[in-house]
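*Asks:* Below you will find the structure I want to go over with you.
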There are 2 protein chains.
Amino acid sequence: MASKVLKILPLGGLGEIGKNMMAIEYGENILIIDTGIMFPENDMLGIDYIIPDFGHLLAKREKVRGIVVTHGHEDHTGAIRHVIEEFPVPIYATPLTRGLLEVKLRRGGMLNDVDIKTVNAGEKIQIGPFDVEFFHVSHSIPDGVGLGITTPAGLIVHSGDFKFDHTPVDGWPTDFAKLAEYGGRGVLALMSDSTNADKPGWTPSEAVIDPAFDEAFRGAEKRILIGSFASLISRMAQVAKATQKHNRVMAFVGTTMIENVRIARKLGYLDIPDDIIVPPDQALQMKPSKIVLMCTGTQGEPSSILGRLSTGSNRQFGVQAGDTVILSSHPIPGNEEMVHRTINRLFQQGAEVIYESIAPVHVSGHASQEEMKMMLQLVKPKHFIPIHGELRHLKQHAAIAREIGIHPDNIAVVENGTVIEFKDGKMKVGERVPGGYVFVDGMGVGDIGPSVMREREALARDGFVVIHLCLDRKSGTLTKAPEIISKGFVFIRDSEEMFELVQSKIQEIVKNSHGEDLNTRIEKDLSKFFYAETKRRPMILMITS
Amino acid sequence: MASKVLKILPLGGLGEIGKNMMAIEYGENILIIDTGIMFPENDMLGIDYIIPDFGHLLAKREKVRGIVVTHGHEDHTGAIRHVIEEFPVPIYATPLTRGLLEVKLRRGGMLNDVDIKTVNAGEKIQIGPFDVEFFHVSHSIPDGVGLGITTPAGLIVHSGDFKFDHTPVDGWPTDFAKLAEYGGRGVLALMSDSTNADKPGWTPSEAVIDPAFDEAFRGAEKRILIGSFASLISRMAQVAKATQKHNRVMAFVGTTMIENVRIARKLGYLDIPDDIIVPPDQALQMKPSKIVLMCTGTQGEPSSILGRLSTGSNRQFGVQAGDTVILSSHPIPGNEEMVHRTINRLFQQGAEVIYESIAPVHVSGHASQEEMKMMLQLVKPKHFIPIHGELRHLKQHAAIAREIGIHPDNIAVVENGTVIEFKDGKMKVGERVPGGYVFVDGMGVGDIGPSVMREREALARDGFVVIHLCLDRKSGTLTKAPEIISKGFVFIRDSEEMFELVQSKIQEIVKNSHGEDLNTRIEKDLSKFFYAETKRRPMILMITS
């Protein structure tokens with residue numbers, strides 16, 4: 001009997017490959033790894049978020065056996081609702097990841113329809129022909145795992161999002177022994193996190209944040225506000241430690257953060273003594289020098305708590321002169337401008353702002369080059385597939401693997417939607433299927449495509465003008481002056497003169513035309529006229545009655 | 001007689017303070033320093049560029065005596081046309097800066113109306129009561145200067161954009177002796193470049209780029225494409241050096257780059273032997289391993305040469321597999337996403353892409369913290385005003401000045417439009433005047449304000465729907481079915497059902513209303529309906545005939 005082909009298919013994400021979703025297929029069986037979302041880039045106008053395009057899997061629906069989620073971050077969990085709707089199969093996750101998934105599913109009213117199974121790091125499960133072993137990796141959220149997947153074609157190792165932190169906040173480093181054991185066993189292919197492939201050296205331990213917090217807390221005379229991600233559980237533990245040391249109490253502000261803290265404490269992943277946590281209302285009544293407020297909004301989102309604080313529009317409380325604001329975060333690519341604007345505005349409000357480039361109040365959760373090399377040396381894979389990064393990071397990670405001694409022919413740098421095949425121990429880059437991303441805008445999933453996006457771009461750039469002509473049917477003459485409505489094009493009050501000219505221009509065109517192509521002629525002439533007058537090209541729409 | 005007040009007024013720019021323009025006023029005299037533009041941020045939809053709001057100076061028009069331009073970068077020269085239109089006074093600049101200003105003015109058809117005077121570094125000029133001495137500073141463009149301005153109130157030192165490069169490409173380091181001489185003479189106030197105030201250490205010399213180029217050239221088997229700024233004259237010299245060493249020839253691509261090279265060579269600021277420069281057409285006929293093409297587009301602008309190359313839409317030539325593309329640049333804040341996308345696409349096209357985070361093919365032109373300290377120690381100012389940076393950089397630069405021993409009361413961190421006053425040797429923060437920025441969109445200067453911007457934002461997010469009702473005047477009934485036009489809201493072809501519902505909804509409203517507030521009711525009901533159906537809020541416009 002001919003041996004079957006093992007196929008790996010990275011899906012979704014914007015630039016990042018295989019980060020948000022991946023499918024592993026063998027015979028009549030598909031295993032899905034991760035179900036994440038991405039946030040839209042600056043020119044994806046009006047889009048709320050982006051999910052992987054898993055359309056290719058729909059035709060193979062009955063083959064899908066299970067979904068494994070490696071950790072609780074949005075870019076690995078956020079699309080669970082969309083995926084589970086199409087593939088109602090069991091979800092496998094570690095306790096904290098499960099807890100965070102449940103928060104998400106409960107909000108979507110889907111919790112009762114879903115079969116989630118808890119798997120602890122170190123445990124193995126059988127999903128179809130796949131023997132999936134969860135091994136612990138340290139990352140910026142606790143309880144993250146990588147996967148050792150024993151398939152009939154060989155052992156595949158998936159790193160998850162990882163770093164090699166020897167002094168992690170939860171005291172639980174990456175399972176080096178397991179990686180070495182895989183290396184000894186013989187690994188057909190390693191898929192490994194490429195996020196920081198252009199960062200030389202070793203990513204600092206989360207432990208470096210403690211002294212930075214300590215110094216910031218020591219210097220703070222009034223309130224301390226700490227901005228972070230709602231899922232950055234280990235950071236909450238670090239803030240709690242500093243809070244306790246400096247005799248303050250802390251309050252969490254914002255629904256998701258409060259909910260995540262509740263789950264993480266309940267499950268034992270976040271150890272904060274009851275007596276240092278107070279509700280925000282109560283904290284705000286206390287002496288400023290006694291409190292710490294922890295909230296979200298580190299990406300400069302105008303509607304977030306930090307965003308509102310920076311513009312002085314937060315209802316519950318405002319920034320006071322002398323407050324210390326610590327941004328314990330890194331801007332997601334594309335958000336730099338908004339983040340810096342928020343920092344400048346917080347300074348304007350009189351706060352002392354401490355952020356990454358001033359003090360080490362944040363470190364990356366991803367491996368740098370030396371850790372990538374270590375991963376490759378431990379696992380000693382025959383084939384290497386860099387994942388979790390933009391193409392430029394994958395290329396760089398591939399260069400690192402070549403340095404380590406992996407043969408260039410055994411390294412596959414592919415984009416989302418490209419199938420990688422293994423047969424008889426050999427790797428081959430296979431067919432390209434649709435595997436990009438799908439826009440979610442409000443309730444619409446995938447309905448916004450290039451044409452609507454182009455309209456939004458045109459409207460964003462130059463606005464539009466609607467021309468309403470009332471024509472006498474028989475004579476073809478205007479029964480009243482054309483009505484003109486314009487938005488986003490010019491400041492109407494300063495443009496009366498121009499619009500009067502438009503009126504007379506239209507009247508002239510109507511007079512000289514004999515009905516034929518009237519609208520087209522007006523559109524064309526006005527388009528030229530507006531460009532000559534303003535060097536702008538508003539969308540022009542004709543309505544005739 | 002009471003002593004007069006010396007006033008310093010930083011103007012314009014987005015976040016950056018005093019970078020694009022500054023006014024120094026004493027009695028009946030105003031001196032303008034720099035006339036730059038800024039590029040719009042991602043949420044400034046449709047805006048071409050931004051100029052300083054110098055409206056406050058218009059009322060004092062007759063006081064303006066001259067304009068000094070410190071160096072030839074866009075953010076210091078780009079608004080010259082707008083400024084000179086209002087203040088037709090002499091412009092003072094060094095030879096290269098003058099040459100680059102002339103290119104700009106010639107293009108605007110204004111060269112003949114302008115009085116530009118050449119001043120060499122080391123020379124002094126008298127402008128009203130201001131004795132302005134130009135001193136050389138090294139920066140990422142040759143012939144940059146700082147200013148020592150002797151005023152009746154005391155000596156003011158303005159650093160310009162500077163770094164302390166001991167091995168600059170043009171062999172001309174910052175004039176340390178002059179700075180020390182000012183320090184000995186006694187400086188009332190130093191205004192100094194804060195761009196890199198959050199960068200520890202010392203900015204690397206431009207010289208570090210040579211070995212990086214050398215290595216990249218050595219590894220390149222086919223064509224080498226180098227992206228840079230059109231004004232980065234020293235980088236062109238470095239590329240020429242590597243080109244010559246590796247027995248290639250080079251071509252400049254793009255009008256502005258070609259023009260700037262011509263000026264810089266003519267004035268003696270760029271020393272490239274004739275025989276290594278060829279026209280692009282000729283270069284493209286040669287063996288790929290023999291050529292270097294230098295072009296613009298390092299900011300990911302889709303219409304630039306690199307932008308077009310990355311999407312395979314450049315007419316003259318395309319990227320070929322094996323080409324080496326070097327991005328000798330740094331993303332301007334806010335452009336990171338576009339730059340990274342361009343890099344990923346160039347990789348997709350089969351190029352090897354070398355950029356800042358992979359190899360030191362670019363260094364900053366601005367001083368880092370240790371250089372800032374050195375500047376402060378040399379000049380020993382009584383007062384310190386950090387400039388050229390966002391508020392967060394100014395705050396950081398102020399902290400550095402305090403470390404050096406400058407008394408906090410003698411440091412003024414202000415925003416654009418805040419007057420700083422000196423009287424009897426004392427500094428005071430004065431009134432706040434309009435001093436922000438003005439949008440330029442096509443031919444419109446300042447006509448796009450918050451209201452048009454809000455319209456563009458709404459249109460960009462959710463598009464619009466126009467409803468055209470034809471009503472019988474007497475009966476108030478519809479004479480035909482309502483016409484509906486929508487753009488940027490939904491994909492029309494997939495939304496027929498919804499729009500049929502809209503039709504019947506409108507007909508019902510018209511039937512049940514008795515003429516009163518018909519439009520308002522339709523708008524309100526449809527707004528609710530659209531939100532319920534799509535979770536989007538398109539702009540709704542009613543037209544009735």
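All residue names refer to the structure tokens as shown: chains lettered A, B, ... in order, residues numbered from 1 in each chain, ligands numbered from 1 in order.
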Using backbone DSSP assignments, extract all strand (DSSP E or B) residues from region 374-527 of chain B; output them as number ranges by chain.
*Replies:* B: 381-387, 411, 418-423, 426-432, 437-441, 444-445, 464-469, 471, 478, 483-487
*Asks:* If you count only C-alpha atoms, which residues fall within 7 Å of region 440-457 of chain A, apart from same-chain ones fewer than 5 positions away, as a ChimeraX atom specification?
*Replies:* /A:45-50 /B:459-460,463,487-491,534-536
*Asks:* Pull N, CA and C atoms from the residues just selected and write them as a tab-separated table (two decimals), in the first residue's frame.
*Replies:*
chain	number	residue	atom	x	y	z
A	45	LEU	N	-10.26	50.18	6.05
A	45	LEU	CA	-11.19	51.14	6.63
A	45	LEU	C	-12.47	50.48	7.12
A	46	GLY	N	-12.83	50.79	8.36
A	46	GLY	CA	-14.10	50.34	8.90
A	46	GLY	C	-14.14	48.89	9.33
A	47	ILE	N	-13.04	48.17	9.15
A	47	ILE	CA	-13.03	46.74	9.49
A	47	ILE	C	-12.82	46.57	10.99
A	48	ASP	N	-13.60	45.69	11.61
A	48	ASP	CA	-13.49	45.48	13.05
A	48	ASP	C	-12.33	44.53	13.38
A	49	TYR	N	-12.33	43.41	12.73
A	49	TYR	CA	-11.22	42.48	12.90
A	49	TYR	C	-11.17	41.53	11.71
A	50	ILE	N	-10.19	40.66	11.71
A	50	ILE	CA	-9.95	39.82	10.55
A	50	ILE	C	-9.83	38.37	11.01
B	459	LEU	N	-17.56	58.22	6.54
B	459	LEU	CA	-17.65	57.59	5.23
B	459	LEU	C	-16.66	56.43	5.11
B	460	ALA	N	-15.47	56.63	5.64
B	460	ALA	CA	-14.44	55.59	5.58
B	460	ALA	C	-14.87	54.36	6.36
B	463	GLY	N	-19.45	54.06	4.98
B	463	GLY	CA	-20.03	54.49	3.71
B	463	GLY	C	-21.32	55.28	3.88
B	487	LYS	N	-22.78	53.46	-1.29
B	487	LYS	CA	-21.36	53.24	-1.58
B	487	LYS	C	-20.61	53.04	-0.26
B	488	GLY	N	-19.71	52.11	-0.26
B	488	GLY	CA	-18.85	51.92	0.91
B	488	GLY	C	-19.54	51.30	2.11
B	489	PHE	N	-20.79	50.87	1.91
B	489	PHE	CA	-21.56	50.36	3.04
B	489	PHE	C	-21.61	48.83	3.01
B	490	VAL	N	-22.22	48.29	1.96
B	490	VAL	CA	-22.29	46.83	1.81
B	490	VAL	C	-21.99	46.47	0.36
B	491	PHE	N	-21.74	45.20	0.12
B	491	PHE	CA	-21.55	44.74	-1.25
B	491	PHE	C	-22.94	44.59	-1.85
B	534	THR	N	-26.76	45.03	10.14
B	534	THR	CA	-25.33	44.94	9.77
B	534	THR	C	-24.38	45.35	10.88
B	535	LYS	N	-24.88	45.96	11.94
B	535	LYS	CA	-24.03	46.58	12.97
B	535	LYS	C	-23.11	47.64	12.36
B	536	ARG	N	-23.59	48.29	11.33
B	536	ARG	CA	-22.86	49.42	10.73
B	536	ARG	C	-23.77	50.64	10.73
*Asks:* Would you pick out the contacts of Ser303 (chain A) at 10 Å or less, using only C-alpha atoms, so that residues sharing its chain but fewer than 4 positions from it are not included, and give the list as a list in words?
*Replies:*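 Counting only the stated atoms, we get Gly297, Gly307, Arg308, Leu309, Ser313 and Asn314 of chain A.
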*Asks:* Could you write those residues out with N, CA and C atoms, as a CSV table (one decimal), in the first residue's frame?
*Replies:*
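The resulting file, selection.csv, is shown below:
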chain,number,residue,atom,x,y,z
A,297,GLY,N,-5.8,49.5,27.2
A,297,GLY,CA,-5.8,50.6,26.3
A,297,GLY,C,-4.4,51.0,25.8
A,307,GLY,N,-7.1,55.5,26.5
A,307,GLY,CA,-7.4,56.5,25.4
A,307,GLY,C,-8.3,57.6,25.9
A,308,ARG,N,-9.3,57.2,26.7
A,308,ARG,CA,-10.2,58.3,27.2
A,308,ARG,C,-9.5,59.1,28.3
A,309,LEU,N,-8.6,58.5,29.1
A,309,LEU,CA,-7.9,59.2,30.1
A,309,LEU,C,-7.0,60.3,29.4
A,313,SER,N,-11.5,62.3,28.7
A,313,SER,CA,-12.9,62.1,28.5
A,313,SER,C,-13.4,60.8,29.2
A,314,ASN,N,-12.6,60.3,30.2
A,314,ASN,CA,-13.0,59.1,31.0
A,314,ASN,C,-14.0,59.6,32.1
*Asks:* What parts of region 325-361 of chain A does DSSP call alpha helix (DSSP H)? I'd like the answer as a PyMOL selection string.
*Replies:* chain A and resi 336-348
*Asks:* Using only C-alpha atoms, which of the listed residues (B:Ile272, B:Val510, B:Leu100, B:Ala59) sits closest to Asp472 (chain B)?
*Replies:*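 Of B:Ile272, B:Val510, B:Leu100, B:Ala59, the one nearest Asp472 (chain B), counting only C-alpha atoms, is B:Val510.
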*Asks:* So that I can check the surroundings of region 501-509 of chain A, please list as a list in words every protein, DNA and RNA residue that reaches within 8 Å of it, counting only C-alpha atoms and ignoring chain neighbours fewer than 5 positions away.
*Replies:*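 What passes the distance filter is Leu478, Ala481, Pro482, Leu518, Arg521, Ile522 and Leu526 of chain A.
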*Asks:* Take the selection from the previous step and output its residues with N, CA and C atoms, as a compact mmCIF listing (two decimals), in the first residue's frame.
*Replies:*
# COMPACT_ATOMS: atom_id res chain seq x y z
N LEU A 478 -34.56 71.90 -17.07
CA LEU A 478 -34.60 71.80 -15.61
C LEU A 478 -35.87 72.45 -15.09
N ALA A 481 -33.65 74.51 -9.93
CA ALA A 481 -32.18 74.50 -9.87
C ALA A 481 -31.70 73.16 -9.33
N PRO A 482 -30.59 72.64 -9.85
CA PRO A 482 -30.08 71.35 -9.37
C PRO A 482 -29.77 71.41 -7.87
N LEU A 518 -26.75 62.64 -20.70
CA LEU A 518 -26.68 63.85 -19.88
C LEU A 518 -25.88 63.60 -18.60
N ARG A 521 -22.18 63.18 -19.11
CA ARG A 521 -21.51 64.45 -19.44
C ARG A 521 -21.35 65.32 -18.21
N ILE A 522 -22.40 65.39 -17.41
CA ILE A 522 -22.30 66.23 -16.19
C ILE A 522 -21.21 65.67 -15.27
N LEU A 526 -18.04 67.87 -14.36
CA LEU A 526 -17.88 68.29 -12.96
C LEU A 526 -16.62 67.71 -12.35
*Asks:* Residues of region 324-443 of chain B that have any atom at most 8 Å from an atom of region 151-175 of chain B: could you tabulate them with the shortest-distance atom pair and the distance in Å to one decimal, using only C-alpha atoms, ordered by chain and increasing number, as JSON lines?
*Replies:*
{"residue": "B:Gly365", "atom": "CA", "partner": "B:Lys163", "partner_atom": "CA", "distance": 6.0}
{"residue": "B:His366", "atom": "CA", "partner": "B:Lys163", "partner_atom": "CA", "distance": 4.8}
{"residue": "B:Ala367", "atom": "CA", "partner": "B:Lys163", "partner_atom": "CA", "distance": 4.2}
{"residue": "B:Ser368", "atom": "CA", "partner": "B:Lys163", "partner_atom": "CA", "distance": 7.7}
{"residue": "B:Glu371", "atom": "CA", "partner": "B:Phe164", "partner_atom": "CA", "distance": 6.3}
{"residue": "B:His388", "atom": "CA", "partner": "B:Asp161", "partner_atom": "CA", "distance": 7.8}
{"residue": "B:Phe422", "atom": "CA", "partner": "B:Ala153", "partner_atom": "CA", "distance": 7.1}
{"residue": "B:Lys423", "atom": "CA", "partner": "B:Ala153", "partner_atom": "CA", "distance": 7.0}
{"residue": "B:Asp424", "atom": "CA", "partner": "B:Ala153", "partner_atom": "CA", "distance": 7.2}
{"residue": "B:Gly425", "atom": "CA", "partner": "B:Ala153", "partner_atom": "CA", "distance": 7.0}
*Asks:* Nearest residue to chain B out of A:Met427, A:Ile84, A:Val361, A:Val353, using only C-alpha atoms?
*Replies:*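 For chain B, the nearest of the candidates is A:Val353.
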*Asks:* Counting only C-alpha atoms, which residue out of B:Met498, B:Cys470, B:Ser194, B:Ser304 sits closest to Ala398 (chain B)?
*Replies:*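 Under the stated criterion, the closest residue is B:Ser194.
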